[in-house]
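Colleague: One structure, pasted below without further comment.
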Amino acid sequence: MSTLFLHLKKEWFEKIESGEKTVEYREVKDYWRQRLQRSVIFYQHGPSHWLLDIYHGKIYTDVCFSLGYSQKAILRFAIDDIHVVDGKSTDLAISKPVYAIKLGRRL
């Protein structure tokens, strides 16, 4: 079991700290697939084809947010779930799949 470390801009850090934001999003890219996806088959629709990949990322039990790269402003939460959602309905507002990291209780 591991801790996922994420650096946030002030706006997003404060929203998570206040409880207004309970899900953190990351665009589905190779970097995040390797870190977040655990033995899951991922289908990505290309221009004219489908891709099938299996990734073996770590199992994260909690997430630690820092305000920028500061070590003084730290928030830590249990992770309830990590799954892929449509990015259009997230704060990223992109037409691509994104990872939704659902925050649990504050640690």
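By order in the structure tokens, chains are A, B, ...; within a chain, residues start at 1; ligands start at 1, following the order shown.
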Extract, using only C-alpha atoms, all DNA, RNA and protein residues at most 8 Å from range 16-31 of chain A, discarding same-chain residues fewer than 4 positions from it, and format them as a VMD selection string.

Modeller: chain A and resid 12 35 75 84 87 90 to 92 96 to 104

Colleague: Suppose you want the space between CA of Ala93 in chain A and CA of Ile59 in chain A; what is it in Å?

Modeller: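 Between CA of Ala93 in chain A and CA of Ile59 in chain A the gap is 26.8 Å.
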
Colleague: Point out the residue among A:Arg76, A:Lys58, A:Arg105, A:His83 with the least atom-to-atom distance to Leu6 in chain A, counting only C-alpha atoms.

Modeller: A:Arg76

Colleague: Ranking A:Leu107, A:Lys15, A:Asp86, A:Ile94 by minimum distance to Thr3 in chain A and counting only C-alpha atoms, which one comes first?

Modeller: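 Checking each candidate against Thr3 in chain A, we get A:Leu107 as the closest.
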
Colleague: Can you tell me which residues surround Tyr60 in chain A at a distance of at most 12 Å, considering only C-alpha atoms, apart from same-chain residues fewer than 3 positions away, and format the answer as a list in words?

Modeller: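 So the residues in contact are Met1, Ser2, Thr3, Leu4, Phe5, Arg35, Leu36, Gln37, Arg38, Gly57, Val63, Cys64, Phe77, Ala78, Ile79, Asp80, Asp81, Ile82, Ile101, Lys102 and Leu103 of chain A.
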
Colleague: Measure the distance from CA of Arg33 in chain A to CA of Ala73 in chain A in Å and round it to one decimal.

Modeller: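 Atom-to-atom, CA of Arg33 in chain A and CA of Ala73 in chain A are spaced 27.1 Å apart.
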
Colleague: So how many Å separate CA of Gln34 in chain A and CA of His7 in chain A, to one decimal?

Modeller: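 CA of His7 in chain A lies at a distance of 17.9 Å from CA of Gln34 in chain A.
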